[in-house]
Structure formats: structure tokens, C-alpha cells
file structure-v9.tsv (TSV, C-alpha atoms)
chain	number	residue	atom	x	y	z
A	1	ASP	CA	121.07	203.37	126.22
A	2	LEU	CA	122.72	203.51	122.83
A	3	GLN	CA	123.16	199.73	122.84
A	4	LYS	CA	119.49	199.24	123.79
A	5	ARG	CA	118.33	201.50	120.95
A	6	ARG	CA	120.52	199.61	118.49
A	7	ALA	CA	119.12	196.33	119.72
A	8	MET	CA	115.55	197.57	119.36
A	9	GLY	CA	116.29	198.88	115.90
A	10	SER	CA	117.68	195.51	114.96
A	11	VAL	CA	114.49	193.80	116.14
A	12	GLU	CA	112.31	196.25	114.18
A	13	ASP	CA	114.37	195.67	111.05
A	14	GLY	CA	113.95	191.95	111.48
A	15	MET	CA	110.17	192.34	111.74
A	16	ARG	CA	109.94	194.61	108.70
A	17	LYS	CA	112.19	192.67	106.35
A	18	PRO	CA	109.77	189.79	105.73
A	19	LEU	CA	107.07	192.32	104.81
A	20	LEU	CA	109.07	194.77	102.76
A	21	ASN	CA	112.09	192.96	101.32
A	22	ASP	CA	110.78	189.51	100.41
A	23	GLY	CA	111.31	189.45	96.64
A	24	ASP	CA	111.96	192.14	94.09
A	25	ASP	CA	111.35	195.62	95.56
A	26	ASP	CA	110.12	197.11	92.26
A	27	THR	CA	107.54	194.35	91.87
A	28	LYS	CA	106.38	194.74	95.47
A	29	LYS	CA	105.95	198.49	95.13
A	30	LYS	CA	103.70	197.96	92.11
A	31	SER	CA	101.38	195.58	93.96
A	32	THR	CA	98.15	196.74	95.54
A	33	CYS	CA	98.86	194.76	98.71
A	34	TYR	CA	102.18	196.50	99.22
A	35	SER	CA	100.94	200.03	98.50
A	36	ILE	CA	97.75	199.79	100.58
A	37	PHE	CA	98.12	197.17	103.29
A	38	CYS	CA	101.83	196.53	103.73
A	39	ASN	CA	103.49	199.94	103.43
A	40	GLY	CA	100.61	202.26	104.19
A	41	LEU	CA	101.00	205.83	102.99
A	42	GLY	CA	104.48	206.01	101.51
A	43	THR	CA	107.02	206.18	104.34
A	44	THR	CA	104.53	205.86	107.21
A	45	PRO	CA	104.65	202.72	109.39
A	46	PHE	CA	103.24	199.66	107.63
A	47	TYR	CA	100.34	199.24	110.08
A	48	TYR	CA	98.88	202.54	108.88
A	49	GLY	CA	98.12	200.66	105.70
A	50	TYR	CA	95.36	198.71	107.43
A	51	ALA	CA	93.58	201.94	108.31
A	52	TYR	CA	94.07	203.19	104.76
A	53	GLY	CA	92.73	199.93	103.37
A	54	ALA	CA	89.66	200.11	105.61
A	55	LEU	CA	89.06	203.70	104.49
A	56	THR	CA	89.30	202.59	100.85
A	57	LEU	CA	86.72	199.84	101.40
A	58	LEU	CA	84.41	202.34	103.12
A	59	VAL	CA	84.63	204.71	100.16
A	60	LEU	CA	83.85	201.83	97.76
A	61	TYR	CA	80.86	200.80	99.89
A	62	LEU	CA	79.46	204.34	99.95
A	63	ALA	CA	79.91	204.59	96.19
A	64	MET	CA	78.00	201.31	95.69
A	65	LYS	CA	75.24	202.50	97.99
A	66	THR	CA	74.94	205.74	96.06
A	67	LEU	CA	74.71	203.93	92.73
A	68	SER	CA	72.38	201.18	93.95
A	69	PRO	CA	68.64	201.35	93.22
A	70	GLU	CA	66.34	203.16	95.58
A	71	GLU	CA	64.20	201.36	98.09
A	72	ALA	CA	61.10	199.89	96.45
A	73	THR	CA	58.09	202.07	97.09
A	74	THR	CA	54.39	201.69	96.53
A	75	VAL	CA	53.59	202.93	93.03
A	76	ALA	CA	50.80	205.46	92.65
A	77	ALA	CA	47.77	204.38	90.67
A	78	SER	CA	48.05	205.11	86.96
A	79	ALA	CA	45.12	206.73	85.17
A	80	ASP	CA	46.58	205.73	81.80
A	81	TYR	CA	44.76	202.53	80.84
A	82	GLY	CA	45.15	203.08	77.11
A	83	ASP	CA	42.26	202.92	74.66
A	84	GLY	CA	41.11	199.62	76.07
A	85	VAL	CA	39.63	196.60	74.37
A	86	VAL	CA	36.17	195.25	75.19
A	87	ARG	CA	36.06	191.58	76.14
A	88	GLY	CA	33.17	189.85	77.87
A	89	GLY	CA	31.36	193.15	78.29
A	90	TYR	CA	34.25	194.82	80.13
A	91	ARG	CA	37.10	196.99	78.89
A	92	TRP	CA	40.62	195.67	79.40
A	93	PRO	CA	43.31	198.33	79.89
A	94	THR	CA	45.64	198.05	76.89
A	95	ALA	CA	48.48	200.25	78.11
A	96	PRO	CA	51.57	198.30	79.18
A	97	MET	CA	52.88	198.75	82.72
A	98	VAL	CA	56.51	199.73	83.36
A	99	GLU	CA	58.20	198.80	86.61
A	100	PRO	CA	59.78	202.18	87.53
A	101	ILE	CA	63.11	201.08	89.08
A	102	SER	CA	64.19	198.52	86.48
A	103	LYS	CA	62.24	200.14	83.60
A	104	THR	CA	60.92	196.66	82.70
A	105	SER	CA	57.79	196.83	80.55
A	106	PHE	CA	55.02	194.23	80.74
A	107	PRO	CA	52.32	193.97	78.02
A	108	PHE	CA	48.68	194.35	79.04
A	109	GLU	CA	47.97	190.67	78.38
A	110	SER	CA	49.83	187.37	78.41
A	111	LYS	CA	48.80	183.75	78.01
A	112	GLY	CA	51.57	182.44	80.24
A	113	LEU	CA	50.79	178.71	80.47
A	114	SER	CA	47.11	179.08	79.64
A	115	PRO	CA	45.38	178.89	76.23
A	116	GLU	CA	43.50	182.06	77.22
A	117	ALA	CA	45.15	185.44	77.70
A	118	GLY	CA	45.34	186.86	81.19
A	119	MET	CA	44.96	190.54	82.10
A	120	LEU	CA	47.89	192.39	83.67
A	121	LEU	CA	46.98	193.38	87.22
A	122	GLY	CA	50.24	194.90	88.48
A	123	VAL	CA	54.05	194.95	88.33
A	124	ALA	CA	56.75	195.14	91.00
A	125	ILE	CA	60.45	194.60	91.61
A	126	ARG	CA	62.22	192.16	93.92
A	127	LEU	CA	65.21	193.75	95.62
A	128	LYS	CA	67.77	191.91	97.73
A	129	LYS	CA	69.67	193.89	100.34
A	130	VAL	CA	73.30	192.87	100.90
A	131	VAL	CA	75.37	194.83	103.45
A	132	GLY	CA	72.93	197.71	103.22
A	133	VAL	CA	72.97	197.82	99.41
A	134	ASN	CA	69.88	196.99	97.31
A	135	PHE	CA	70.44	194.77	94.27
A	136	LYS	CA	67.81	194.31	91.58
A	137	VAL	CA	66.94	190.60	91.25
A	138	TYR	CA	63.82	190.43	89.07
A	139	ALA	CA	60.78	192.37	87.94
A	140	VAL	CA	57.47	190.56	88.27
A	141	GLY	CA	54.10	190.96	86.60
A	142	LEU	CA	50.81	189.41	87.74
A	143	TYR	CA	48.31	188.22	85.12
A	144	VAL	CA	44.83	187.00	86.03
A	145	ASN	CA	41.68	185.62	84.45
A	146	PRO	CA	39.57	188.81	84.68
A	147	ALA	CA	36.17	187.09	84.67
A	148	GLY	CA	37.22	184.82	87.53
A	149	ALA	CA	38.83	187.74	89.39
A	150	ARG	CA	35.66	189.85	89.08
A	151	SER	CA	33.60	187.02	90.53
A	152	ALA	CA	35.97	186.30	93.43
A	153	LEU	CA	36.61	189.97	94.25
A	154	LYS	CA	33.09	191.32	93.62
A	155	GLU	CA	32.75	192.75	97.13
A	156	HIS	CA	35.70	195.06	96.31
A	157	GLN	CA	34.08	196.61	93.24
A	158	GLY	CA	34.25	200.40	93.54
A	159	GLU	CA	36.80	200.28	96.38
A	160	ALA	CA	39.66	202.78	96.09
A	161	LEU	CA	43.16	201.45	95.47
A	162	ASP	CA	44.55	202.94	98.69
A	163	SER	CA	41.90	201.00	100.62
A	164	LEU	CA	42.53	197.80	98.66
A	165	ARG	CA	46.24	197.94	99.46
A	166	THR	CA	45.52	197.62	103.18
A	167	ASN	CA	42.52	195.28	102.93
A	168	SER	CA	43.37	191.88	104.47
A	169	LYS	CA	40.18	190.35	102.98
A	170	LEU	CA	41.37	191.13	99.46
A	171	PHE	CA	44.81	189.60	100.04
A	172	SER	CA	43.25	186.54	101.62
A	173	LYS	CA	41.46	185.97	98.32
A	174	MET	CA	44.72	186.52	96.43
A	175	THR	CA	46.33	183.60	98.30
A	176	ASN	CA	43.45	181.25	97.41
A	177	SER	CA	44.69	178.84	94.72
A	178	ASN	CA	41.21	177.73	93.65
A	179	ASN	CA	39.19	180.89	93.03
A	180	PHE	CA	40.72	182.31	89.80
A	181	ARG	CA	43.77	181.86	87.60
A	182	LYS	CA	46.91	183.77	88.54
A	183	THR	CA	50.22	183.83	86.69
A	184	LEU	CA	53.41	185.38	88.06
A	185	GLU	CA	56.00	186.20	85.39
A	186	LEU	CA	59.45	186.83	86.86
A	187	ARG	CA	61.90	188.58	84.51
A	188	PHE	CA	65.40	188.36	85.87
A	189	LEU	CA	67.58	191.45	85.92
A	190	ARG	CA	70.80	189.66	86.92
A	191	SER	CA	72.20	186.14	86.87
A	192	VAL	CA	71.12	183.96	89.79
A	193	GLY	CA	72.38	180.39	90.21
A	194	LYS	CA	70.01	177.52	90.84
A	195	GLU	CA	71.44	176.89	94.32
A	196	LYS	CA	70.79	180.47	95.43
A	197	LEU	CA	67.34	180.50	93.85
A	198	VAL	CA	66.40	177.24	95.58
A	199	GLU	CA	67.68	178.56	98.90
A	200	THR	CA	65.63	181.74	98.56
A	201	PHE	CA	62.31	180.07	97.75
A	202	ASN	CA	62.87	177.18	100.14
A	203	GLU	CA	63.04	179.58	103.09
A	204	GLY	CA	59.42	180.60	102.62
A	205	LEU	CA	57.86	177.51	101.06
A	206	ALA	CA	59.25	174.87	103.45
A	207	VAL	CA	57.91	176.66	106.54
A	208	ARG	CA	54.45	177.07	105.04
A	209	MET	CA	54.26	173.52	103.69
A	210	ARG	CA	55.50	171.97	106.93
A	211	LYS	CA	52.74	173.84	108.73
A	212	ALA	CA	50.15	172.60	106.22
A	213	LEU	CA	51.23	168.98	105.63
A	214	GLY	CA	54.09	168.18	108.00
A	215	MET	CA	57.11	166.40	106.53
A	216	GLN	CA	55.09	165.39	103.47
A	217	GLY	CA	54.87	169.08	102.64
A	218	VAL	CA	58.66	169.46	102.91
A	219	THR	CA	59.10	166.56	100.49
A	220	ILE	CA	56.76	168.20	97.97
A	221	VAL	CA	58.75	171.43	98.21
A	222	GLU	CA	62.02	169.55	97.57
A	223	GLU	CA	60.55	167.91	94.46
A	224	PHE	CA	59.23	171.26	93.24
A	225	LEU	CA	62.55	173.06	93.74
A	226	ASN	CA	64.39	170.36	91.78
A	227	HIS	CA	62.86	171.86	88.65
A	228	PHE	CA	64.50	175.24	89.21
A	229	GLY	CA	67.54	176.17	87.12
A	230	ASP	CA	70.24	178.79	86.69
A	231	MET	CA	68.73	182.09	85.58
A	232	SER	CA	70.47	184.74	83.49
A	233	ALA	CA	69.52	188.38	83.00
A	234	GLY	CA	66.65	188.59	80.53
A	235	GLN	CA	65.30	185.10	81.21
A	236	THR	CA	61.81	184.41	82.56
A	237	LEU	CA	60.51	182.15	85.32
A	238	ILE	CA	56.75	181.52	85.36
A	239	PHE	CA	54.54	180.37	88.24
A	240	HIS	CA	51.04	179.48	87.05
A	241	ILE	CA	48.33	178.85	89.65
A	242	GLU	CA	44.98	177.45	88.55
A	243	LYS	CA	42.37	175.14	90.13
A	244	GLY	CA	44.56	174.25	93.09
A	245	SER	CA	47.66	173.39	91.07
A	246	LEU	CA	51.01	175.11	90.58
A	247	SER	CA	52.94	174.88	87.32
A	248	ILE	CA	56.50	176.09	86.86
A	249	LYS	CA	58.26	176.98	83.64
A	250	VAL	CA	61.96	177.85	83.74
A	251	HIS	CA	62.81	179.96	80.68
A	252	ASN	CA	62.65	177.68	77.61
A	253	LYS	CA	62.21	174.38	79.45
A	254	GLU	CA	59.00	172.36	79.50
A	255	ALA	CA	56.44	173.36	82.12
A	256	VAL	CA	55.96	171.02	85.09
A	257	LYS	CA	52.64	170.82	86.98
A	258	PHE	CA	52.16	170.05	90.69
A	259	SER	CA	48.61	169.19	91.72
A	260	SER	CA	48.90	170.45	95.28
A	261	PRO	CA	46.54	173.19	96.53
A	262	GLU	CA	48.79	173.61	99.58
A	263	LEU	CA	51.88	174.24	97.44
A	264	ALA	CA	50.00	176.61	95.14
A	265	SER	CA	48.62	178.60	98.08
A	266	SER	CA	52.04	178.65	99.77
A	267	MET	CA	53.56	180.19	96.63
A	268	LEU	CA	50.84	182.86	96.55
A	269	ASP	CA	51.39	183.48	100.27
A	270	LEU	CA	55.01	184.43	99.54
A	271	TYR	CA	53.64	187.36	97.54
A	272	PHE	CA	50.27	188.21	99.10
A	273	GLY	CA	50.31	186.77	102.63
A	274	GLU	CA	50.26	188.66	105.92
A	275	GLN	CA	54.06	188.42	106.02
A	276	PRO	CA	55.10	188.32	102.35
A	277	THR	CA	58.65	187.10	101.80
A	278	VAL	CA	59.08	189.46	98.85
A	279	GLY	CA	58.09	192.58	100.83
A	280	GLU	CA	55.01	194.72	101.41
A	281	ASP	CA	55.64	196.99	98.43
A	282	VAL	CA	55.67	194.07	96.00
A	283	LYS	CA	52.40	192.86	97.47
A	284	LYS	CA	50.73	196.26	97.13
A	285	ASN	CA	52.03	197.05	93.65
A	286	LEU	CA	50.85	193.75	92.15
A	287	ILE	CA	47.18	194.70	92.66
A	288	GLU	CA	47.32	198.17	91.09
A	289	ARG	CA	44.75	197.45	88.39
A	290	VAL	CA	42.17	195.66	90.54
A	291	PRO	CA	39.82	198.69	90.20
A	292	ALA	CA	40.14	198.33	86.40
A	293	LEU	CA	38.51	194.90	86.48
A	294	TRP	CA	35.09	196.60	86.28
A	295	LEU	CA	35.85	199.15	83.57
A	296	LYS	CA	33.06	199.53	81.01
call {"tool": "encode", "arguments": {"input": "structure-v9.tsv", "output": "C-alpha cells"}}
result
Amino acid sequence: DLQKRRAMGSVEDGMRKPLLNDGDDDTKKKSTCYSIFCNGLGTTPFYYGYAYGALTLLVLYLAMKTLSPEEATTVAASADYGDGVVRGGYRWPTAPMVEPISKTSFPFESKGLSPEAGMLLGVAIRLKKVVGVNFKVYAVGLYVNPAGARSALKEHQGEALDSLRTNSKLFSKMTNSNNFRKTLELRFLRSVGKEKLVETFNEGLAVRMRKALGMQGVTIVEEFLNHFGDMSAGQTLIFHIEKGSLSIKVHNKEAVKFSSPELASSMLDLYFGEQPTVGEDVKKNLIERVPALWLK
């Protein structure tokens, strides 16, 4: 029995030496790998270190989840429209809108890629969930031609916001690329590489364009996505939809126009369709000021 125990001890020593005695002991003891994964908790068997390491990762994950932004929620209607400015017989709300999670402020008007200013209709935030944690990607504001919007949405005049947010007829008009000018201004809150950005938008656009135009639609999407670029925090990406065309402007680059009603409508469908890629809350928050279109 004594000889067997000695033999087993010898085998255990042989197994442990490559892990514990390969190189300078002082250096090894200072390394994270040694202290967490190789030697565990002090003098405990080395395999305890794996459990300790897993526990450490769990604590880090819970800390990230605690510090991450809340789930996006539908924003309540704001009664603060500011003093207002009368244009075309109607009063534009002049108060800026602040996206509540990112605290990003959007002015009440913006020209975008148009010579005429557009009225701010709503703001929202795009969140991306990774391993259960929400990361802020960009805040987005929707600007429209108010006269065109009033004409296209006239049957919704006087309708309460809560009703509008569940009205499929309204959102069907929002995906129409021909009825009135719409500009989506995306303000990035973190750096996103071109490859990841292309992958994200391709998921939704390719399916919609293939359904509309077959492989020709996929080709148009590929050409469109070629104009994307790396985005850094603070930079802006603009999608401008007017008269059946879609223009894209990546930060300070020249705008590029695509005369494709199908592509323009597919982009709008990502935000306002029956199954919006960006999420239901984004869709609902971007129409917050529809009732304000008829302010006098």
C-alpha cells in the first residue's frame, strides 16, 4: 500500500509540474492565469481555479448588465412643444426632443439633404443586445415635410397618440416612399465598423428587396451598402427618402442617390413595417409628434 501511494504521488507530481513549475515561480504567481485558472484558490487543487474563473466571469457579466442601459420603452407624449413658429398656416413645435436613454438632443427642424427644412416628428434609440446586455448603437430622429405629411395622413387628424402607435394604416403610409419626404438622421453613440454596419442593414434589406425584385433587388442592395463606411461616436448617417428615391450620406462624405422606390420603401420598412428590424419601440417613438402636424 505504501508503495502504491508513493507511485500515485509520483504521477500526480508529474501532472502538476508542467502547470506549476514551468518557468520562474515568482513570475507565474503574479500572472492572472496562474492565480485564477491554474492554481485556483491558494493551496486548493488547480482544477478549482476553473470554477473560480467561471465565477469571476459571472460577476463581471452581472456588473455589465447592471450598468447597461435599460430596455427601450415607448416614450410618453410630450406636451412641451415650445413657443412654436407659424409656417404655412400651421405652428411648428420649436422645442427640441431629447432621446431619454442616450440624452441625445435633436433640434426641432433640419434640412438634412433637402433645401427645405423638415419638421422633427420623433426620436428613438437603437439598442443591440449581446449576451443579454443592451448596448447603445445610435439615436435616430425622423424629419418630415409637414405639408406633405398632413396631406398623406389627413385621415389621422385628431387621433390620439396611443391610437396612432397601434394603427397599421398609419404605418403603412410611413413605409410609402412616394407620399412625403422623410429623413432619418442616425447619430452614432459608439464606433461601428463598416463590415458590421453592412451586415446589420443587409439582413433586413436583402430579404425585402429579393421579395420585391428578385436577384436584381439583391444587386441593388449590394451597390447601396458599398457606400457605407466606418462610423465613430458622434458621427451622423443620413437616409433621405423623397419621390421614390433613397439618398445616403455618411458623415462628411458626398451624398449618393438611388432612384429605386423598392429600395426606399424597404429602408422605411426596417423602421415602420409590420416587423421592424429596429424594434417596436423605435417605430412607435418616431411618430410622437404626428398629432402636432395640425397645431394652429
call {"tool": "atom_distance", "arguments": {"input": "structure-v9.tsv", "atom1": "CA of Val137 in chain A", "atom2": "CA of Ile125 in chain A"}}
result
7.6 Å
call {"tool": "closest_residue", "arguments": {"input": "structure-v9.tsv", "among": "A:Ile220, A:Ile238, A:Leu293, A:Met174", "to": "Gly273 in chain A", "atoms": "only C-alpha atoms"}}
result
A:Met174
call {"tool": "closest_residue", "arguments": {"input": "structure-v9.tsv", "among": "A:Lys211, A:Lys182, A:Arg190, A:Lys129", "to": "Ser245 in chain A", "atoms": "all atoms listed in the file"}}
result
A:Lys182
call {"tool": "residues_near_point", "arguments": {"input": "structure-v9.tsv", "point": "(54.9, 180.3, 91.6)", "cutoff": "9 Å", "atoms": "only C-alpha atoms", "output": "PyMOL selection string"}}
result
chain A and resi 183-185+237-241+246-248+263-264+266-268+270
call {"tool": "atom_distance", "arguments": {"input": "structure-v9.tsv", "atom1": "CA of Ile287 in chain A", "atom2": "CA of Gly229 in chain A"}}
result
28.1 Å
call {"tool": "closest_residue", "arguments": {"input": "structure-v9.tsv", "among": "A:Val133, A:Val290, A:Ala95, A:Val218", "to": "Asn145 in chain A", "atoms": "all atoms listed in the file"}}
result
A:Val290
call {"tool": "atom_distance", "arguments": {"input": "structure-v9.tsv", "atom1": "CA of Met231 in chain A", "atom2": "CA of Lys194 in chain A"}}
result
7.1 Å
call {"tool": "closest_residue", "arguments": {"input": "structure-v9.tsv", "among": "A:Thr200, A:Asn134, A:Ser259, A:Gln216", "to": "Val278 in chain A", "atoms": "only C-alpha atoms"}}
result
A:Thr200
call {"tool": "closest_residue", "arguments": {"input": "structure-v9.tsv", "among": "A:Lys128, A:Ser163, A:Glu222, A:Leu189", "to": "Thr277 in chain A", "atoms": "all atoms listed in the file"}}
result
A:Lys128
call {"tool": "residues_around", "arguments": {"input": "structure-v9.tsv", "residues": "Arg181 in chain A", "least_positions_apart": "2", "cutoff": "10 Å", "atoms": "all atoms listed in the file", "output": "ChimeraX atom specification"}}
result
/A:114,118,143-149,176-179,183,240-245
call {"tool": "closest_residue", "arguments": {"input": "structure-v9.tsv", "among": "A:Leu170, A:Ala292, A:Leu55, A:Leu161", "to": "Pro93 in chain A", "atoms": "all atoms listed in the file"}}
result
A:Ala292
call {"tool": "residues_near_point", "arguments": {"input": "structure-v9.tsv", "point": "(41.2, 199.1, 76.7)", "cutoff": "7 Å", "atoms": "all atoms listed in the file", "output": "CSV table (one decimal) with C-alpha atoms, keeping the file's coordinate frame"}}
result
chain,number,residue,atom,x,y,z
A,81,TYR,CA,44.8,202.5,80.8
A,82,GLY,CA,45.2,203.1,77.1
A,83,ASP,CA,42.3,202.9,74.7
A,84,GLY,CA,41.1,199.6,76.1
A,85,VAL,CA,39.6,196.6,74.4
A,86,VAL,CA,36.2,195.2,75.2
A,91,ARG,CA,37.1,197.0,78.9
A,92,TRP,CA,40.6,195.7,79.4
A,93,PRO,CA,43.3,198.3,79.9
A,94,THR,CA,45.6,198.0,76.9
call {"tool": "residues_around", "arguments": {"input": "structure-v9.tsv", "residues": "range 97-111 of chain A", "least_positions_apart": "5", "cutoff": "7 Å", "atoms": "only C-alpha atoms", "output": "list in words"}}
result
Pro69, Glu116, Ala117, Gly118, Met119, Leu120, Val123, Ala124, Ile125, Ala139, Gly141 and Tyr143 of chain A
call {"tool": "decode", "arguments": {"input": "structure-v9.tsv", "residues": "range 229-248 of chain A", "atoms": "N, CA and C atoms", "output": "mmCIF file, in the first residue's frame"}}
result
data_model
loop_
_atom_site.group_PDB
_atom_site.id
_atom_site.type_symbol
_atom_site.label_atom_id
_atom_site.label_comp_id
_atom_site.auth_asym_id
_atom_site.auth_seq_id
_atom_site.Cartn_x
_atom_site.Cartn_y
_atom_site.Cartn_z
ATOM 1 N N GLY A 229 -19.717 53.292 -44.500
ATOM 2 C CA GLY A 229 -18.343 53.465 -44.039
ATOM 3 C C GLY A 229 -18.248 53.213 -42.543
ATOM 4 N N ASP A 230 -17.034 53.232 -42.028
ATOM 5 C CA ASP A 230 -16.833 53.107 -40.582
ATOM 6 C C ASP A 230 -17.445 54.321 -39.893
ATOM 7 N N MET A 231 -18.151 54.079 -38.801
ATOM 8 C CA MET A 231 -18.774 55.169 -38.058
ATOM 9 C C MET A 231 -18.166 55.251 -36.659
ATOM 10 N N SER A 232 -17.883 56.470 -36.232
ATOM 11 C CA SER A 232 -17.362 56.704 -34.887
ATOM 12 C C SER A 232 -18.424 57.407 -34.052
ATOM 13 N N ALA A 233 -18.271 57.335 -32.739
ATOM 14 C CA ALA A 233 -19.215 58.016 -31.852
ATOM 15 C C ALA A 233 -19.254 59.505 -32.182
ATOM 16 N N GLY A 234 -20.454 60.038 -32.327
ATOM 17 C CA GLY A 234 -20.627 61.445 -32.652
ATOM 18 C C GLY A 234 -20.853 61.721 -34.127
ATOM 19 N N GLN A 235 -20.609 60.726 -34.983
ATOM 20 C CA GLN A 235 -20.818 60.918 -36.416
ATOM 21 C C GLN A 235 -22.269 60.610 -36.807
ATOM 22 N N THR A 236 -22.663 61.131 -37.966
ATOM 23 C CA THR A 236 -24.059 61.025 -38.404
ATOM 24 C C THR A 236 -24.174 60.298 -39.742
ATOM 25 N N LEU A 237 -25.171 59.451 -39.834
ATOM 26 C CA LEU A 237 -25.529 58.751 -41.071
ATOM 27 C C LEU A 237 -26.950 59.175 -41.425
ATOM 28 N N ILE A 238 -27.152 59.653 -42.651
ATOM 29 C CA ILE A 238 -28.462 60.165 -43.060
ATOM 30 C C ILE A 238 -29.054 59.315 -44.174
ATOM 31 N N PHE A 239 -30.337 58.950 -43.997
ATOM 32 C CA PHE A 239 -31.125 58.302 -45.047
ATOM 33 C C PHE A 239 -32.244 59.274 -45.418
ATOM 34 N N HIS A 240 -32.256 59.691 -46.672
ATOM 35 C CA HIS A 240 -33.219 60.689 -47.140
ATOM 36 C C HIS A 240 -34.115 60.049 -48.201
ATOM 37 N N ILE A 241 -35.418 59.994 -47.919
ATOM 38 C CA ILE A 241 -36.371 59.357 -48.829
ATOM 39 C C ILE A 241 -37.323 60.412 -49.377
ATOM 40 N N GLU A 242 -37.346 60.529 -50.704
ATOM 41 C CA GLU A 242 -38.203 61.525 -51.345
ATOM 42 C C GLU A 242 -38.510 61.110 -52.784
ATOM 43 N N LYS A 243 -39.782 61.147 -53.144
ATOM 44 C CA LYS A 243 -40.235 60.852 -54.506
ATOM 45 C C LYS A 243 -39.686 59.515 -55.020
ATOM 46 N N GLY A 244 -39.770 58.504 -54.190
ATOM 47 C CA GLY A 244 -39.370 57.160 -54.605
ATOM 48 C C GLY A 244 -37.876 56.921 -54.683
ATOM 49 N N SER A 245 -37.072 57.807 -54.148
ATOM 50 C CA SER A 245 -35.621 57.616 -54.179
ATOM 51 C C SER A 245 -35.071 57.598 -52.746
ATOM 52 N N LEU A 246 -33.906 56.991 -52.605
ATOM 53 C CA LEU A 246 -33.222 56.918 -51.315
ATOM 54 C C LEU A 246 -31.814 57.467 -51.471
ATOM 55 N N SER A 247 -31.487 58.489 -50.701
ATOM 56 C CA SER A 247 -30.140 59.056 -50.699
ATOM 57 C C SER A 247 -29.467 58.721 -49.381
ATOM 58 N N ILE A 248 -28.176 58.495 -49.431
ATOM 59 C CA ILE A 248 -27.405 58.178 -48.234
ATOM 60 C C ILE A 248 -26.239 59.146 -48.120
#
